[in-house]
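Engineer: Before anything else, here's the structure in question.
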Amino acid sequence: MKKEAKQAFNPYLPENEYIPDGEPYVFGDRVYVYGSHDRFGAPMFCMNDYVCWSAPVDELGDWRYEGVIYRKKQDPKNKLGLRLLFAPDVAVGVDGRYYLYYAFDFLGITGVAVADEPAGPFEFLGHVHYADGTLWGRKKGDSFPFDPGVLVDEDGRVYLYSGFYTPVPAIITGGRKLQNRGGYVLELEADMVTVKEPEKLLFPKEGAGSFPNHEFFEASSIRKYNGKYYFVYSSRHNHELCYAVSDSPTNGFRYGGTLVSNGDVFLDGNEDELQARNYLGNTHGGMLCLNDKYYIFYHRQTNRSSYARQACAEELVQNEDGSFQQAPMTSCGLNGGPLSGTGKYGARIACNLWSKHGVGRYDAKNRRKLFKDHPYFTQDGKDGHENCRQYIANMRDGAVAGFKYFDFRGLSEICVMGRGTADGVLRIAADADMKCEIACVSIKTDKKVWKTFAADARIEDGRNSMFMRFEGGGRFDFLEFELR
């Protein structure tokens, strides 16, 4: 008898895993996700080695850890492991092998590793270079290689996309001050490492050919579906993934729109970042077409920083003209529909989170002081600890956690588990304005012990959201809830 399928949540990987920049691909009967690897509690991005996760194509709630696939020290230019592995991409070469492309933080070169299987292990192959051996990024006039995106077309031609909006200081690049003008494309030989056609500017960050108000920033990602080339990128707003589409891999790209924002900015006409529905920060991801459905993979911020990011994904709605609508952040992105309206759920699957003061960016100086009155996702335990629990910390008066969506059937009671110094109520409603009340749970917590609080609940059967607002004094740390 076939086992019951697991539900898929956002974030879709385990609560102790921090994989940003996720690039999804279907190889065989599984979806593989390749990303960089943050370390919980670290002072910088991407401090861990690359790992891989995969799931069956027909069960996107059952993710399997494939292990470490490439280590920082494997590159001969990084024997001490001091350089960080930023966002990677993977492509299948004309020889059927799997090629991993990566950049060492701001070193300004692109490395390539190769494997016989999608989950590796990958072995160092070389650095992208010209026919004379000069590394790409070292010739006068070269752009700054960053965030590689790779496409091997049906005709065997290999295209490498790259770019970074911000000037790179000379102090970081060993005396060479580099400044990109946007996003670039170049063509590689079939060996996957030698430049065949030099780079050209494809996505200018300003002026003619740029995309007003959604200009290219970073996070190049490329796919080809049904004869169309889809280029996904992070705009200068940093919190959104946009896309452009063309009939050619090297020219003619037209702006398509926002696919997702990790604060739901631009959704329903809201362009005010202070009114975002979650805390803003950088994002990076790729598009996936699977079983005639389209998805966008991205990441969210946790732990009041941009250095502990987690993998999320949303299903995209495609219009009749082929364009895509912006996807709202949800708790059920890969689930194929709403979550069950009964059962236990971690508070960590909240897709919306804000304080009574709204939200802000986690990249500000003195962020912990600035955000002392704001809720945030965090965990008990150190990075990689298997038994850690992730929760929403520091919900103070007026803080809201939102969950989308559930298929409610005969809901009669809601139980919540929390700790802290809270003395108040948790109001639960089907709308963010708290007008359609579902329940009101009295809360009086213990500082160190997780305790459960319950209240009767009523809501019409069917698909709906659920928003929880704390009202009262003290601090409420929110671990989980149960729908009965």
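Lettering and numbering for the structure tokens are positional, with chains as A, B, ... in the shown order, residues counted from 1 in each chain, and ligands counted from 1 in the shown order.
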Considering only C-alpha atoms, give me a table of residues in stretch 392-419 of chain A that are at most 7 Å from stretch 343-355 of chain A, with the closest atom pair and distance in Å for each, as a Markdown table.

Structural biologist:
| residue | atom | partner | partner_atom | distance |
| --- | --- | --- | --- | --- |
| A:Ile392 | CA | A:Arg348 | CA | 6.3 |
| A:Gly398 | CA | A:Ser355 | CA | 6.0 |
| A:Ala399 | CA | A:Ser355 | CA | 4.1 |
| A:Val400 | CA | A:Trp354 | CA | 5.5 |
| A:Ala401 | CA | A:Leu353 | CA | 4.6 |
| A:Gly402 | CA | A:Asn352 | CA | 4.6 |
| A:Phe403 | CA | A:Ala350 | CA | 4.9 |
| A:Lys404 | CA | A:Cys351 | CA | 7.0 |

Engineer: Give me a file of those residues, with N, CA and C atoms, as a PDB file, in the first residue's frame.

Structural biologist:
ATOM      1  N   ILE A 392       9.109  31.472  16.097  1.00  0.00           N
ATOM      2  CA  ILE A 392       9.040  32.929  15.963  1.00  0.00           C
ATOM      3  C   ILE A 392       9.319  33.522  17.337  1.00  0.00           C
ATOM      4  N   GLY A 398       0.977  43.836  19.227  1.00  0.00           N
ATOM      5  CA  GLY A 398       0.713  44.251  17.861  1.00  0.00           C
ATOM      6  C   GLY A 398       1.401  43.424  16.788  1.00  0.00           C
ATOM      7  N   ALA A 399       2.282  42.487  17.166  1.00  0.00           N
ATOM      8  CA  ALA A 399       2.974  41.650  16.181  1.00  0.00           C
ATOM      9  C   ALA A 399       2.011  40.645  15.567  1.00  0.00           C
ATOM     10  N   VAL A 400       2.163  40.404  14.256  1.00  0.00           N
ATOM     11  CA  VAL A 400       1.260  39.520  13.513  1.00  0.00           C
ATOM     12  C   VAL A 400       2.059  38.453  12.777  1.00  0.00           C
ATOM     13  N   ALA A 401       1.592  37.207  12.884  1.00  0.00           N
ATOM     14  CA  ALA A 401       2.112  36.100  12.080  1.00  0.00           C
ATOM     15  C   ALA A 401       0.969  35.586  11.212  1.00  0.00           C
ATOM     16  N   GLY A 402       1.208  35.486   9.891  1.00  0.00           N
ATOM     17  CA  GLY A 402       0.162  35.064   8.969  1.00  0.00           C
ATOM     18  C   GLY A 402       0.510  33.756   8.279  1.00  0.00           C
ATOM     19  N   PHE A 403      -0.527  32.928   8.052  1.00  0.00           N
ATOM     20  CA  PHE A 403      -0.363  31.610   7.451  1.00  0.00           C
ATOM     21  C   PHE A 403      -1.356  31.456   6.304  1.00  0.00           C
ATOM     22  N   LYS A 404      -0.867  30.996   5.128  1.00  0.00           N
ATOM     23  CA  LYS A 404      -1.705  30.802   3.947  1.00  0.00           C
ATOM     24  C   LYS A 404      -1.289  29.496   3.276  1.00  0.00           C
TER      25      LYS A 404
END

Engineer: Could you list, as an MDAnalysis selection string, every residue within 7 Å of stretch 415-432 of chain A, counting only C-alpha atoms and ignoring same-chain residues fewer than 5 positions away?

Structural biologist: chainID A and resid 437:455 464:483

Engineer: What does the file look like for those residues with N, CA and C atoms, as a tab-separated table (two decimals), in the first residue's frame?

Structural biologist:
chain	number	residue	atom	x	y	z
A	437	GLU	N	-12.85	37.20	13.04
A	437	GLU	CA	-12.19	36.49	14.13
A	437	GLU	C	-12.53	35.01	14.15
A	438	ILE	N	-11.50	34.20	14.37
A	438	ILE	CA	-11.65	32.74	14.47
A	438	ILE	C	-11.61	32.30	15.92
A	439	ALA	N	-10.68	32.88	16.69
A	439	ALA	CA	-10.50	32.49	18.09
A	439	ALA	C	-9.75	33.59	18.83
A	440	CYS	N	-9.80	33.54	20.15
A	440	CYS	CA	-9.03	34.44	21.00
A	440	CYS	C	-8.45	33.60	22.13
A	441	VAL	N	-7.14	33.45	22.14
A	441	VAL	CA	-6.45	32.57	23.08
A	441	VAL	C	-5.78	33.39	24.17
A	442	SER	N	-6.12	33.13	25.42
A	442	SER	CA	-5.46	33.79	26.54
A	442	SER	C	-4.05	33.23	26.71
A	443	ILE	N	-3.06	34.13	26.91
A	443	ILE	CA	-1.66	33.74	26.96
A	443	ILE	C	-1.01	34.28	28.23
A	444	LYS	N	-0.38	33.41	28.99
A	444	LYS	CA	0.46	33.82	30.12
A	444	LYS	C	1.60	32.81	30.21
A	445	THR	N	2.76	33.19	29.70
A	445	THR	CA	3.83	32.23	29.44
A	445	THR	C	4.83	32.13	30.58
A	446	ASP	N	5.64	31.08	30.48
A	446	ASP	CA	6.80	30.86	31.33
A	446	ASP	C	8.04	31.21	30.53
A	447	LYS	N	9.05	31.79	31.17
A	447	LYS	CA	10.23	32.23	30.44
A	447	LYS	C	10.98	31.09	29.75
A	448	LYS	N	11.04	29.93	30.40
A	448	LYS	CA	11.90	28.87	29.90
A	448	LYS	C	11.17	27.63	29.41
A	449	VAL	N	9.93	27.45	29.81
A	449	VAL	CA	9.21	26.21	29.49
A	449	VAL	C	8.13	26.49	28.45
A	450	TRP	N	8.09	25.66	27.39
A	450	TRP	CA	7.03	25.78	26.40
A	450	TRP	C	5.72	25.30	27.00
A	451	LYS	N	4.69	26.13	26.93
A	451	LYS	CA	3.37	25.78	27.46
A	451	LYS	C	2.31	25.92	26.37
A	452	THR	N	1.24	25.14	26.52
A	452	THR	CA	0.16	25.13	25.54
A	452	THR	C	-1.04	25.90	26.06
A	453	PHE	N	-1.65	26.69	25.17
A	453	PHE	CA	-2.84	27.48	25.49
A	453	PHE	C	-3.87	27.20	24.40
A	454	ALA	N	-5.14	27.11	24.79
A	454	ALA	CA	-6.17	26.70	23.84
A	454	ALA	C	-7.42	27.57	23.95
A	455	ALA	N	-8.19	27.58	22.88
A	455	ALA	CA	-9.47	28.30	22.87
A	455	ALA	C	-10.37	27.68	21.80
A	464	ASN	N	-8.80	29.05	3.41
A	464	ASN	CA	-8.73	30.35	4.05
A	464	ASN	C	-7.35	30.58	4.65
A	465	SER	N	-7.08	31.85	4.93
A	465	SER	CA	-5.85	32.25	5.61
A	465	SER	C	-6.07	32.24	7.11
A	466	MET	N	-4.99	32.43	7.86
A	466	MET	CA	-5.09	32.56	9.30
A	466	MET	C	-4.00	33.52	9.78
A	467	PHE	N	-4.43	34.58	10.46
A	467	PHE	CA	-3.51	35.57	11.00
A	467	PHE	C	-3.62	35.59	12.51
A	468	MET	N	-2.46	35.64	13.19
A	468	MET	CA	-2.42	35.63	14.65
A	468	MET	C	-1.73	36.89	15.15
A	469	ARG	N	-2.44	37.68	15.96
A	469	ARG	CA	-1.87	38.93	16.48
A	469	ARG	C	-1.80	38.88	18.00
A	470	PHE	N	-0.60	39.11	18.54
A	470	PHE	CA	-0.46	39.15	20.00
A	470	PHE	C	-0.81	40.53	20.52
A	471	GLU	N	-1.60	40.57	21.56
A	471	GLU	CA	-1.97	41.82	22.21
A	471	GLU	C	-1.72	41.68	23.71
A	472	GLY	N	-0.90	42.56	24.27
A	472	GLY	CA	-0.62	42.49	25.69
A	472	GLY	C	0.79	42.90	26.01
A	473	GLY	N	1.24	42.55	27.19
A	473	GLY	CA	2.58	42.93	27.63
A	473	GLY	C	3.57	41.80	27.50
A	474	GLY	N	4.85	42.16	27.52
A	474	GLY	CA	5.89	41.14	27.48
A	474	GLY	C	6.19	40.64	26.08
A	475	ARG	N	6.85	39.48	26.05
A	475	ARG	CA	7.34	38.90	24.80
A	475	ARG	C	6.81	37.48	24.65
A	476	PHE	N	6.24	37.18	23.47
A	476	PHE	CA	5.70	35.85	23.19
A	476	PHE	C	6.59	35.17	22.16
A	477	ASP	N	7.23	34.06	22.56
A	477	ASP	CA	7.96	33.21	21.62
A	477	ASP	C	7.01	32.09	21.19
A	478	PHE	N	6.79	31.97	19.91
A	478	PHE	CA	5.73	31.14	19.35
A	478	PHE	C	6.34	29.92	18.65
A	479	LEU	N	6.11	28.71	19.19
A	479	LEU	CA	6.72	27.50	18.66
A	479	LEU	C	5.83	26.76	17.65
A	480	GLU	N	4.57	26.50	18.02
A	480	GLU	CA	3.72	25.70	17.13
A	480	GLU	C	2.26	25.92	17.48
A	481	PHE	N	1.38	25.39	16.62
A	481	PHE	CA	-0.05	25.44	16.89
A	481	PHE	C	-0.69	24.16	16.37
A	482	GLU	N	-1.87	23.88	16.90
A	482	GLU	CA	-2.61	22.70	16.47
A	482	GLU	C	-4.04	23.10	16.14
A	483	LEU	N	-4.53	22.65	15.01
A	483	LEU	CA	-5.90	22.87	14.58
A	483	LEU	C	-6.69	21.61	14.84

Engineer: What are the closest atom pairs, with distances in Å to one decimal, for each residue of stretch 271-345 of chain A lying within 8 Å of stretch 13-28 of chain A, using only C-alpha atoms, rows by chain and rising residue number, as CSV?

Structural biologist:
residue,atom,partner,partner_atom,distance
A:Thr283,CA,A:Asp21,CA,6.9
A:His284,CA,A:Asp21,CA,4.5
A:Gly285,CA,A:Asp21,CA,4.9
A:Gly286,CA,A:Glu23,CA,5.0
A:Met287,CA,A:Pro24,CA,7.1
A:Leu288,CA,A:Pro24,CA,6.2
A:Leu290,CA,A:Val26,CA,7.9
A:Phe297,CA,A:Gly22,CA,6.2
A:Tyr298,CA,A:Gly22,CA,6.3
A:His299,CA,A:Pro20,CA,5.4
A:Arg300,CA,A:Pro20,CA,7.9
A:Ala308,CA,A:Tyr18,CA,5.9
A:Arg309,CA,A:Pro20,CA,5.4
A:Gln310,CA,A:Tyr18,CA,4.7
A:Ala311,CA,A:Ile19,CA,5.5

Engineer: Based on DSSP run over this structure's backbone, return all residues of stretch 6-71 of chain A in strand (DSSP E), as a list of chain:residue names.

Structural biologist: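 Selection result, strand (DSSP E) within stretch 6-71 of chain A: A:Glu23, A:Pro24, A:Tyr25, A:Val26, A:Phe27, A:Arg30, A:Val31, A:Tyr32, A:Val33, A:Tyr34, A:Tyr50, A:Val51, A:Cys52, A:Trp53, A:Ser54, A:Ala55, A:Pro56, A:Arg64, A:Tyr65, A:Glu66, A:Gly67, A:Val68, A:Ile69, A:Tyr70.
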
Engineer: Let's have the selection written as a short mmCIF file (atom, residue, chain, number, x, y, z; two decimals), in the first residue's frame, with N, CA and C atoms.

Structural biologist:
data_model
loop_
_atom_site.label_atom_id
_atom_site.label_comp_id
_atom_site.auth_asym_id
_atom_site.auth_seq_id
_atom_site.Cartn_x
_atom_site.Cartn_y
_atom_site.Cartn_z
N GLU A 23 18.52 26.80 -6.99
CA GLU A 23 18.28 26.56 -8.41
C GLU A 23 17.72 25.14 -8.57
N PRO A 24 16.45 25.01 -8.99
CA PRO A 24 15.83 23.69 -9.10
C PRO A 24 15.96 23.11 -10.52
N TYR A 25 16.20 21.80 -10.58
CA TYR A 25 16.27 21.10 -11.86
C TYR A 25 15.67 19.71 -11.71
N VAL A 26 15.06 19.22 -12.79
CA VAL A 26 14.58 17.84 -12.82
C VAL A 26 15.61 16.99 -13.55
N PHE A 27 16.15 16.01 -12.84
CA PHE A 27 17.04 15.02 -13.43
C PHE A 27 16.45 13.64 -13.12
N ARG A 30 13.54 12.93 -10.19
CA ARG A 30 13.67 13.71 -8.97
C ARG A 30 13.95 15.18 -9.30
N VAL A 31 13.53 16.05 -8.39
CA VAL A 31 13.87 17.47 -8.44
C VAL A 31 15.07 17.68 -7.53
N TYR A 32 16.11 18.28 -8.07
CA TYR A 32 17.32 18.59 -7.29
C TYR A 32 17.41 20.11 -7.12
N VAL A 33 17.79 20.52 -5.91
CA VAL A 33 17.98 21.94 -5.63
C VAL A 33 19.43 22.18 -5.24
N TYR A 34 20.05 23.12 -5.97
CA TYR A 34 21.43 23.53 -5.71
C TYR A 34 21.41 24.97 -5.23
N TYR A 50 28.89 23.45 -0.14
CA TYR A 50 27.69 23.13 -0.90
C TYR A 50 27.13 21.76 -0.51
N VAL A 51 25.81 21.70 -0.34
CA VAL A 51 25.11 20.44 -0.18
C VAL A 51 23.98 20.40 -1.21
N CYS A 52 23.34 19.27 -1.33
CA CYS A 52 22.24 19.12 -2.28
C CYS A 52 21.07 18.42 -1.62
N TRP A 53 19.87 18.80 -2.02
CA TRP A 53 18.64 18.16 -1.58
C TRP A 53 17.83 17.77 -2.81
N SER A 54 17.07 16.67 -2.70
CA SER A 54 16.24 16.26 -3.82
C SER A 54 14.93 15.69 -3.31
N ALA A 55 13.92 15.65 -4.20
CA ALA A 55 12.60 15.12 -3.87
C ALA A 55 12.02 14.44 -5.10
N PRO A 56 11.15 13.43 -4.93
CA PRO A 56 10.48 12.83 -6.08
C PRO A 56 9.65 13.87 -6.81
N ARG A 64 15.07 14.80 0.43
CA ARG A 64 16.14 13.91 0.89
C ARG A 64 17.48 14.64 0.84
N TYR A 65 18.23 14.52 1.92
CA TYR A 65 19.56 15.13 1.98
C TYR A 65 20.54 14.28 1.18
N GLU A 66 21.18 14.89 0.20
CA GLU A 66 22.13 14.17 -0.65
C GLU A 66 23.57 14.31 -0.17
N GLY A 67 23.79 15.11 0.87
CA GLY A 67 25.12 15.26 1.43
C GLY A 67 25.90 16.41 0.83
N VAL A 68 27.13 16.55 1.29
CA VAL A 68 28.03 17.58 0.77
C VAL A 68 28.45 17.19 -0.64
N ILE A 69 28.29 18.11 -1.59
CA ILE A 69 28.63 17.79 -2.98
C ILE A 69 29.90 18.50 -3.45
N TYR A 70 30.32 19.56 -2.75
CA TYR A 70 31.54 20.26 -3.13
C TYR A 70 31.99 21.12 -1.96
#

Engineer: Can you list, as a short mmCIF file (atom, residue, chain, number, x, y, z; two decimals) with N, CA and C atoms, in the first residue's frame, all residues belonging to stretch 68-218 of chain A that DSSP tags as helix (DSSP H, G or I)?

Structural biologist:
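The resulting file, selection11.cif, is shown below:
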data_model
loop_
_atom_site.label_atom_id
_atom_site.label_comp_id
_atom_site.auth_asym_id
_atom_site.auth_seq_id
_atom_site.Cartn_x
_atom_site.Cartn_y
_atom_site.Cartn_z
N LYS A 72 34.71 24.02 -0.23
CA LYS A 72 35.45 25.23 -0.59
C LYS A 72 36.91 24.93 -0.91
N LYS A 73 37.52 24.04 -0.16
CA LYS A 73 38.95 23.77 -0.29
C LYS A 73 39.30 22.96 -1.53
N GLN A 74 38.31 22.46 -2.25
CA GLN A 74 38.61 21.67 -3.44
C GLN A 74 39.18 22.51 -4.57
N PRO A 76 41.82 24.83 -6.15
CA PRO A 76 43.23 25.10 -5.83
C PRO A 76 43.51 26.55 -5.46
N LYS A 77 42.63 27.46 -5.82
CA LYS A 77 42.82 28.87 -5.44
C LYS A 77 42.24 29.15 -4.05
N ASN A 78 41.75 28.13 -3.40
CA ASN A 78 41.11 28.33 -2.08
C ASN A 78 41.50 27.21 -1.12
#

Engineer: Of the candidates A:Leu160, A:Met47, A:Leu267, A:Cys242, which one gets nearest to A:Gly81 if we count only C-alpha atoms?

Structural biologist: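 Among A:Leu160, A:Met47, A:Leu267, A:Cys242, it is A:Met47 that comes nearest to A:Gly81.
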